>>> print(open('upload39.cif').read())   # mmCIF, C-alpha atoms
data_target
#
loop_
_atom_site.label_atom_id
_atom_site.label_comp_id
_atom_site.auth_asym_id
_atom_site.auth_seq_id
_atom_site.Cartn_x
_atom_site.Cartn_y
_atom_site.Cartn_z
CA VAL W 1 17.04 -11.53 -23.05
CA THR W 2 16.36 -8.40 -25.09
CA GLU W 3 12.65 -9.17 -25.15
CA VAL W 4 12.58 -9.52 -21.36
CA VAL W 5 14.42 -6.21 -20.99
CA TYR W 6 11.89 -4.51 -23.28
CA LEU W 7 8.97 -5.94 -21.30
CA LEU W 8 10.39 -4.90 -17.94
CA ARG W 9 11.20 -1.44 -19.27
CA SER W 10 7.63 -0.97 -20.53
CA GLN W 11 6.27 -2.07 -17.15
CA PHE W 12 8.57 0.37 -15.36
CA ALA W 13 7.34 3.15 -17.65
CA ALA W 14 3.73 2.18 -16.92
CA ILE W 15 4.28 2.24 -13.15
CA THR W 16 6.07 5.58 -13.35
CA GLY W 17 3.25 7.02 -15.44
CA ASN W 18 0.57 5.73 -13.08
CA VAL W 19 2.24 7.13 -9.98
CA GLY W 20 3.16 10.38 -11.74
CA VAL W 21 -0.48 10.99 -12.64
CA VAL W 22 -2.31 9.67 -9.59
CA ILE W 23 -0.37 11.73 -6.99
CA PRO W 24 -1.10 15.20 -8.47
CA GLY W 25 -4.56 13.98 -9.49
CA VAL W 26 -5.49 13.01 -5.93
CA VAL W 27 -4.02 16.23 -4.51
CA ALA W 28 -6.00 18.30 -7.04
CA LEU W 29 -9.19 16.38 -6.27
CA ALA W 30 -8.71 16.86 -2.53
CA ALA W 31 -8.10 20.59 -3.05
CA VAL W 32 -11.29 20.94 -5.11
CA ILE W 33 -13.34 19.07 -2.49
CA ASP W 34 -11.92 21.32 0.24
CA ALA W 35 -12.68 24.43 -1.83
CA LEU W 36 -16.29 23.30 -2.28
CA GLY W 37 -16.64 22.90 1.49
CA TRP W 38 -17.38 19.18 1.36
CA GLY W 39 -14.77 18.34 3.98
CA PRO W 40 -11.47 16.46 3.63
CA LEU W 41 -11.05 13.15 1.81
CA VAL W 42 -9.63 11.66 5.03
CA ASP W 43 -9.51 13.01 8.55
CA ARG W 44 -6.21 13.75 10.26
CA ARG W 45 -6.13 10.58 12.35
CA HIS W 46 -6.85 8.42 9.33
CA ALA W 47 -4.17 10.25 7.34
CA GLN W 48 -1.54 9.47 9.98
CA HIS W 49 -2.71 5.86 10.01
CA LEU W 50 -2.31 5.63 6.22
CA LEU W 51 1.28 6.82 6.36
CA ALA W 52 2.10 4.35 9.12
CA GLU W 53 0.31 1.54 7.30
CA HIS W 54 2.49 1.91 4.19
CA HIS W 55 5.76 2.07 6.13
CA LEU W 56 8.62 0.42 4.24
CA LEU W 57 9.54 -1.81 7.18
CA GLY W 58 5.99 -3.07 7.73
CA PRO W 59 4.19 -5.88 5.88
CA THR W 60 3.98 -3.74 2.74
CA ALA W 61 6.45 -5.82 0.71
CA LEU W 62 4.71 -9.10 1.55
CA PHE W 63 1.24 -7.78 0.72
CA ALA W 64 2.59 -6.19 -2.49
CA ALA W 65 4.03 -9.53 -3.62
CA ALA W 66 0.67 -11.22 -2.98
CA THR W 67 -1.05 -8.45 -4.95
CA GLY W 68 1.37 -9.20 -7.78
CA GLY W 69 -0.04 -12.71 -7.71
CA LEU W 70 -3.52 -11.24 -8.22
CA LEU W 71 -2.20 -9.23 -11.17
CA PHE W 72 -0.86 -12.46 -12.69
CA ALA W 73 -4.15 -14.24 -12.02
CA SER W 74 -6.09 -11.51 -13.82
CA SER W 75 -3.85 -11.90 -16.86
CA VAL W 76 -4.43 -15.67 -16.87
CA ILE W 77 -8.20 -15.11 -16.69
CA ALA W 78 -7.96 -12.57 -19.51
CA GLY W 79 -5.98 -14.99 -21.67
CA TRP W 80 -8.44 -17.81 -20.98
CA VAL W 81 -11.44 -15.64 -21.92
CA GLU W 82 -9.74 -14.42 -25.09
CA ASN W 83 -8.91 -17.99 -26.12
CA TRP W 84 -12.51 -19.01 -25.43
CA PHE W 85 -13.76 -16.04 -27.47
CA VAL W 86 -11.53 -16.91 -30.43
CA PHE W 87 -12.15 -20.66 -30.23
CA HIS W 88 -15.92 -20.17 -30.44
CA ARG W 89 -15.49 -17.43 -33.09
CA LEU W 90 -17.77 -15.08 -31.19
CA ASP W 91 -16.61 -12.12 -33.27
CA SER W 92 -18.15 -13.85 -36.31
CA VAL W 93 -21.28 -14.64 -34.27
CA ILE W 94 -21.69 -10.97 -33.35
CA ALA W 95 -21.03 -9.85 -36.92
CA HIS W 96 -23.42 -12.30 -38.63
CA HIS W 97 -26.08 -13.31 -36.12
CA PRO W 98 -29.50 -12.38 -37.55
CA ARG W 99 -30.68 -10.75 -34.31
CA PHE W 100 -27.53 -8.61 -34.03
CA THR W 101 -27.57 -7.59 -37.68
CA ARG W 102 -31.26 -6.75 -37.46
CA ARG W 103 -30.82 -4.51 -34.40
CA LEU W 104 -27.40 -3.04 -35.11
CA GLY W 105 -27.18 -3.20 -38.88
CA PRO W 106 -24.61 -5.30 -40.77
CA GLU W 107 -21.82 -2.71 -40.67
CA ARG W 108 -22.19 -1.86 -36.99
CA ALA W 109 -22.46 -5.54 -36.06
CA ARG W 110 -19.21 -6.18 -37.94
CA ARG W 111 -17.50 -3.32 -36.07
CA TRP W 112 -18.80 -4.63 -32.73
CA GLY W 113 -17.44 -8.08 -33.49
CA ALA W 114 -14.04 -6.69 -34.42
CA TYR W 115 -14.00 -4.46 -31.32
CA TRP W 116 -14.66 -7.30 -28.90
CA ARG W 117 -12.17 -9.54 -30.68
CA GLN W 118 -9.49 -6.91 -30.10
CA HIS W 119 -10.44 -5.69 -26.61
CA VAL W 120 -12.09 -8.63 -24.81
CA SER W 121 -8.79 -9.45 -23.09
CA SER W 122 -8.34 -5.90 -21.75
CA TRP W 123 -11.93 -5.70 -20.47
CA THR W 124 -11.62 -9.09 -18.78
CA ALA W 125 -8.27 -8.25 -17.17
CA ASN W 126 -9.54 -4.98 -15.70
CA ILE W 127 -12.86 -6.37 -14.47
CA SER W 128 -11.36 -9.52 -12.96
CA LEU W 129 -8.56 -7.54 -11.29
CA GLY W 130 -11.02 -5.07 -9.80
CA LEU W 131 -13.18 -7.88 -8.44
CA MET W 132 -10.20 -9.70 -6.93
CA LEU W 133 -8.76 -6.53 -5.35
CA GLY W 134 -12.13 -5.86 -3.75
CA LEU W 135 -13.24 -9.39 -2.82
CA VAL W 136 -10.10 -11.35 -1.94
CA PRO W 137 -9.26 -9.44 1.30
CA PRO W 138 -12.70 -9.89 2.94
CA VAL W 139 -12.97 -13.51 1.76
CA LEU W 140 -9.56 -14.36 3.24
CA GLY W 141 -10.40 -12.35 6.35
CA PHE W 142 -13.53 -14.48 6.82
CA PHE W 143 -11.24 -17.51 7.12
CA GLY W 144 -8.91 -15.69 9.51
CA LEU W 145 -6.16 -14.98 6.96
CA PRO W 146 -5.07 -11.33 7.12
CA PHE W 147 -4.52 -9.81 3.70
CA GLU W 148 -4.49 -6.24 2.41
CA VAL W 149 -4.23 -5.06 -1.17
CA ARG W 150 -0.98 -3.23 -1.95
CA HIS W 151 -1.20 -1.98 -5.52
CA VAL W 152 1.31 0.73 -6.36
CA THR W 153 -1.29 3.07 -7.90
CA LEU W 154 -3.69 2.71 -4.97
CA VAL W 155 -0.93 3.12 -2.40
CA ALA W 156 0.37 6.26 -4.13
CA GLY W 157 -3.12 7.75 -4.13
CA GLN W 158 -3.64 6.99 -0.45
CA VAL W 159 -0.30 8.51 0.53
CA ALA W 160 -1.06 11.60 -1.58
CA ALA W 161 -4.46 12.04 0.09
CA ALA W 162 -2.94 11.65 3.55
CA SER W 163 -0.14 14.11 2.78
CA HIS W 164 -2.60 16.72 1.53
CA GLN W 165 -4.64 16.43 4.70
CA LEU W 166 -1.59 16.78 6.98
CA GLY W 167 -0.37 19.88 5.14
CA ALA W 168 3.06 21.13 4.14
CA GLN W 169 4.59 20.28 7.52
CA VAL W 170 4.33 16.60 6.59
CA LEU W 171 7.40 17.11 4.40
CA HIS W 172 9.44 17.24 7.62
CA SER W 173 7.92 14.03 8.93
CA PRO W 174 9.91 10.77 8.58
CA ALA W 175 6.61 8.91 8.22
CA LEU W 176 6.05 10.49 4.78
CA TRP W 177 9.42 9.42 3.43
CA TRP W 178 9.08 5.91 4.85
CA ALA W 179 5.70 5.74 3.11
CA ALA W 180 7.27 7.07 -0.12
CA ALA W 181 9.81 4.25 0.12
CA GLY W 182 6.86 1.94 0.67
CA ILE W 183 5.43 3.11 -2.67
CA ALA W 184 8.70 2.20 -4.37
CA ILE W 185 8.89 -1.28 -2.81
CA THR W 186 5.22 -1.84 -3.62
CA GLY W 187 5.80 -1.12 -7.30
CA LEU W 188 8.90 -3.31 -7.31
CA MET W 189 7.17 -6.26 -5.67
CA ASN W 190 4.04 -5.92 -7.84
CA LEU W 191 6.19 -6.04 -10.94
CA ALA W 192 8.65 -8.68 -9.76
CA CYS W 193 6.06 -11.17 -8.56
CA SER W 194 3.59 -10.82 -11.45
CA PHE W 195 6.34 -10.82 -14.08
CA TYR W 196 8.13 -13.81 -12.55
CA LEU W 197 4.95 -15.89 -12.54
CA ALA W 198 4.11 -14.86 -16.09
CA PHE W 199 7.68 -15.56 -17.22
CA ARG W 200 7.63 -19.05 -15.70
CA LEU W 201 4.32 -19.74 -17.41
CA ALA W 202 5.72 -18.55 -20.74
CA LEU W 203 8.79 -20.79 -20.37
CA ALA W 204 6.58 -23.78 -19.60
CA ALA W 205 4.28 -22.99 -22.54
CA HIS W 206 7.28 -22.90 -24.91
CA ASN W 207 8.70 -26.12 -23.38
CA VAL W 208 11.95 -24.46 -22.27
CA THR W 209 13.94 -27.05 -20.33
CA GLY W 210 15.64 -26.55 -16.99
CA VAL W 211 19.09 -26.26 -18.58
CA ASP W 212 17.92 -23.58 -21.00
CA ARG W 213 16.20 -21.74 -18.16
CA ARG W 214 19.41 -21.59 -16.18
CA ARG W 215 21.25 -20.29 -19.25
CA LEU W 216 18.58 -17.64 -19.71
CA TYR W 217 18.71 -16.57 -16.06
CA THR W 218 22.51 -16.37 -16.30
CA ALA W 219 22.30 -14.22 -19.42
CA LEU W 220 19.78 -11.92 -17.73
CA GLY W 221 22.10 -11.60 -14.73
CA ARG W 222 25.00 -10.63 -16.98
CA ARG W 223 22.83 -8.06 -18.72
CA LEU W 224 21.80 -6.63 -15.35
CA LEU W 225 25.42 -6.30 -14.25
CA ARG W 226 26.71 -4.83 -17.51
CA GLN W 227 23.74 -2.62 -18.51
CA PRO W 228 21.52 -2.08 -15.46
CA LEU W 229 19.99 1.11 -16.88
CA SER W 230 18.75 -0.78 -19.95
CA PHE W 231 16.04 -2.31 -17.73
CA VAL W 232 14.53 1.13 -17.06
CA LEU W 233 15.78 3.47 -19.80
CA PRO W 234 15.99 3.11 -23.60
CA VAL W 235 19.47 2.23 -24.85
CA ARG W 236 20.54 2.95 -28.42
CA VAL W 237 22.55 0.11 -29.94
CA ARG W 238 24.63 1.15 -32.93
CA GLY W 239 24.33 -0.99 -36.02
CA GLN W 240 21.55 -3.12 -34.52
CA ALA W 241 19.02 -2.24 -37.21
CA GLY W 242 21.44 -2.85 -40.03
CA ALA W 243 22.49 -6.21 -38.62
CA ALA W 244 18.86 -7.21 -38.21
CA ASP W 245 18.15 -6.31 -41.84
CA ARG W 246 21.11 -8.37 -43.04
CA VAL W 247 19.98 -11.37 -41.02
CA SER W 248 16.39 -11.08 -42.18
CA MET W 249 17.41 -10.85 -45.85
CA GLY W 250 19.90 -13.73 -45.69
CA PRO W 251 21.21 -15.64 -48.68
CA PRO W 252 18.84 -16.45 -51.57
#
>>> encode(input="upload39.cif", output="structure tokens")
Amino acid sequence: VTEVVYLLRSQFAAITGNVGVVIPGVVALAAVIDALGWGPLVDRRHAQHLLAEHHLLGPTALFAAATGGLLFASSVIAGWVENWFVFHRLDSVIAHHPRFTRRLGPERARRWGAYWRQHVSSWTANISLGLMLGLVPPVLGFFGLPFEVRHVTLVAGQVAAASHQLGAQVLHSPALWWAAAGIAITGLMNLACSFYLAFRLALAAHNVTGVDRRRLYTALGRRLLRQPLSFVLPVRVRGQAGAADRVSMGPP
């Protein structure tokens, strides 16, 4: 239960950091482009359409949940590629292959092998996610299935660009605040869907039975009722470190 709380809290911090950076970043970029005379990022009609498109009561939540599925799929692809990389010992191949050592030198080849062993999962996750976010909507649209990407970072950037174009008076518009609520539900659905799928996969991988799953869900529910802020904010537990040390030392 504590591990799940830590994971959810780290994801909440990541979402908050992404949104907190992308909104002022997009506004600053739009201001620079305007100052250079290159025209607005979006025209006024498109800006109003963006705010309406991300309305809380529209299909935003459904599309955000489906985008969470894409986030989960990218993590599965990344894990598969990392397992394939380790199984075939490609870090050792890069470090000791005669062609690599001849072109890079033994020390640089060793560093390259260690780098890809450590970061191949991250590269794969980012590349596969980018491809899916860009290709899945038109592929599904070709078969007549409407789908739009609703990633919290992208949605926040679009709303920020639209708000900058509409000016300060947009603060008095209900459309902006409905879109802001849409950003919140997008982040929640992205996290909830991707984490739930990953959590189910982890339970299956560790052969956790149905009875134990119900016990775990019940314990998580109790934690949510008793300490809801622990899912989003750090909570100091007195004596936890000392108890952990005593348990780890144990009897001789």
>>> residues_around(input="upload39.cif", residues="W:Leu224", least_positions_apart="4", cutoff="12 Å", atoms="all atoms listed in the file", output="list in words")
Val1, Thr2, Val4, Val5, Leu8, Tyr217, Thr218, Ala219, Leu220, Pro228, Leu229, Ser230, Phe231 and Val232 of chain W
>>> closest_residue(input="upload39.cif", among="W:Ala205, W:Leu133, W:Leu225, W:Ala192", to="W:Leu70", atoms="only C-alpha atoms")
W:Leu133
>>> closest_residue(input="upload39.cif", among="W:Trp178, W:Pro146, W:Leu71, W:Asn207", to="W:Asn126", atoms="all atoms listed in the file")
W:Leu71
>>> closest_residue(input="upload39.cif", among="W:His97, W:Arg200, W:His88, W:His164", to="W:Asp43", atoms="all atoms listed in the file")
W:His164
>>> closest_residue(input="upload39.cif", among="W:Gly144, W:Asp91, W:Ser128, W:Val211", to="W:Ala73", atoms="all atoms listed in the file")
W:Ser128
>>> resolve_selection(input="upload39.cif", expression="the PyMOL selection byres ((chain W and resi 74) around 12)", output="ChimeraX atom specification")
/W:67-73,75-81,121-133,194,197-198
>>> atom_distance(input="upload39.cif", atom1="atom CA of W:Ala184", atom2="atom CA of W:Glu3")
24.0 Å
>>> resolve_selection(input="upload39.cif", expression="the PyMOL selection byres ((chain W and resi 156-163) around 8)", output="VMD selection string")
chain W and resid 19 22 to 24 26 to 27 30 41 to 42 44 46 to 48 50 to 51 152 to 155 164 to 168 170 176 179 to 180 183
>>> write_last_selection(input="upload39.cif", atoms="C-alpha atoms", output="mmCIF file, in the coordinates of the input")
data_model
loop_
_atom_site.group_PDB
_atom_site.id
_atom_site.type_symbol
_atom_site.label_atom_id
_atom_site.label_comp_id
_atom_site.auth_asym_id
_atom_site.auth_seq_id
_atom_site.Cartn_x
_atom_site.Cartn_y
_atom_site.Cartn_z
ATOM 1 C CA VAL W 19 2.240 7.130 -9.980
ATOM 2 C CA VAL W 22 -2.310 9.670 -9.590
ATOM 3 C CA ILE W 23 -0.370 11.730 -6.990
ATOM 4 C CA PRO W 24 -1.100 15.200 -8.470
ATOM 5 C CA VAL W 26 -5.490 13.010 -5.930
ATOM 6 C CA VAL W 27 -4.020 16.230 -4.510
ATOM 7 C CA ALA W 30 -8.710 16.860 -2.530
ATOM 8 C CA LEU W 41 -11.050 13.150 1.810
ATOM 9 C CA VAL W 42 -9.630 11.660 5.030
ATOM 10 C CA ARG W 44 -6.210 13.750 10.260
ATOM 11 C CA HIS W 46 -6.850 8.420 9.330
ATOM 12 C CA ALA W 47 -4.170 10.250 7.340
ATOM 13 C CA GLN W 48 -1.540 9.470 9.980
ATOM 14 C CA LEU W 50 -2.310 5.630 6.220
ATOM 15 C CA LEU W 51 1.280 6.820 6.360
ATOM 16 C CA VAL W 152 1.310 0.730 -6.360
ATOM 17 C CA THR W 153 -1.290 3.070 -7.900
ATOM 18 C CA LEU W 154 -3.690 2.710 -4.970
ATOM 19 C CA VAL W 155 -0.930 3.120 -2.400
ATOM 20 C CA HIS W 164 -2.600 16.720 1.530
ATOM 21 C CA GLN W 165 -4.640 16.430 4.700
ATOM 22 C CA LEU W 166 -1.590 16.780 6.980
ATOM 23 C CA GLY W 167 -0.370 19.880 5.140
ATOM 24 C CA ALA W 168 3.060 21.130 4.140
ATOM 25 C CA VAL W 170 4.330 16.600 6.590
ATOM 26 C CA LEU W 176 6.050 10.490 4.780
ATOM 27 C CA ALA W 179 5.700 5.740 3.110
ATOM 28 C CA ALA W 180 7.270 7.070 -0.120
ATOM 29 C CA ILE W 183 5.430 3.110 -2.670
#
>>> residues_around(input="upload39.cif", residues="W:Glu148", least_positions_apart="3", cutoff="12 Å", atoms="only C-alpha atoms", output="ChimeraX atom specification")
/W:53-54,59-67,70,132-141,145,151,154-155
>>> atom_distance(input="upload39.cif", atom1="atom CA of W:Arg236", atom2="atom CA of W:Ile15")
22.3 Å
>>> atom_distance(input="upload39.cif", atom1="atom CA of W:Gln169", atom2="atom CA of W:Ile33")
20.6 Å
>>> residues_around(input="upload39.cif", residues="W:Trp116", least_positions_apart="4", cutoff="12 Å", atoms="all atoms listed in the file", output="JSON, numbers by chain")
{"W": [81, 82, 85, 86, 89, 90, 91, 92, 93, 94, 95, 109, 110, 111, 112, 120, 121, 122, 123, 124]}
>>> axis_aligned_box(input="upload39.cif", around="stretch 57-63 of chain W", padding_each_side="5 Å", output="JSON")
{"center_x": 5.4, "center_y": -5.5, "center_z": 4.2, "size_x": 18.3, "size_y": 17.3, "size_z": 17.0}
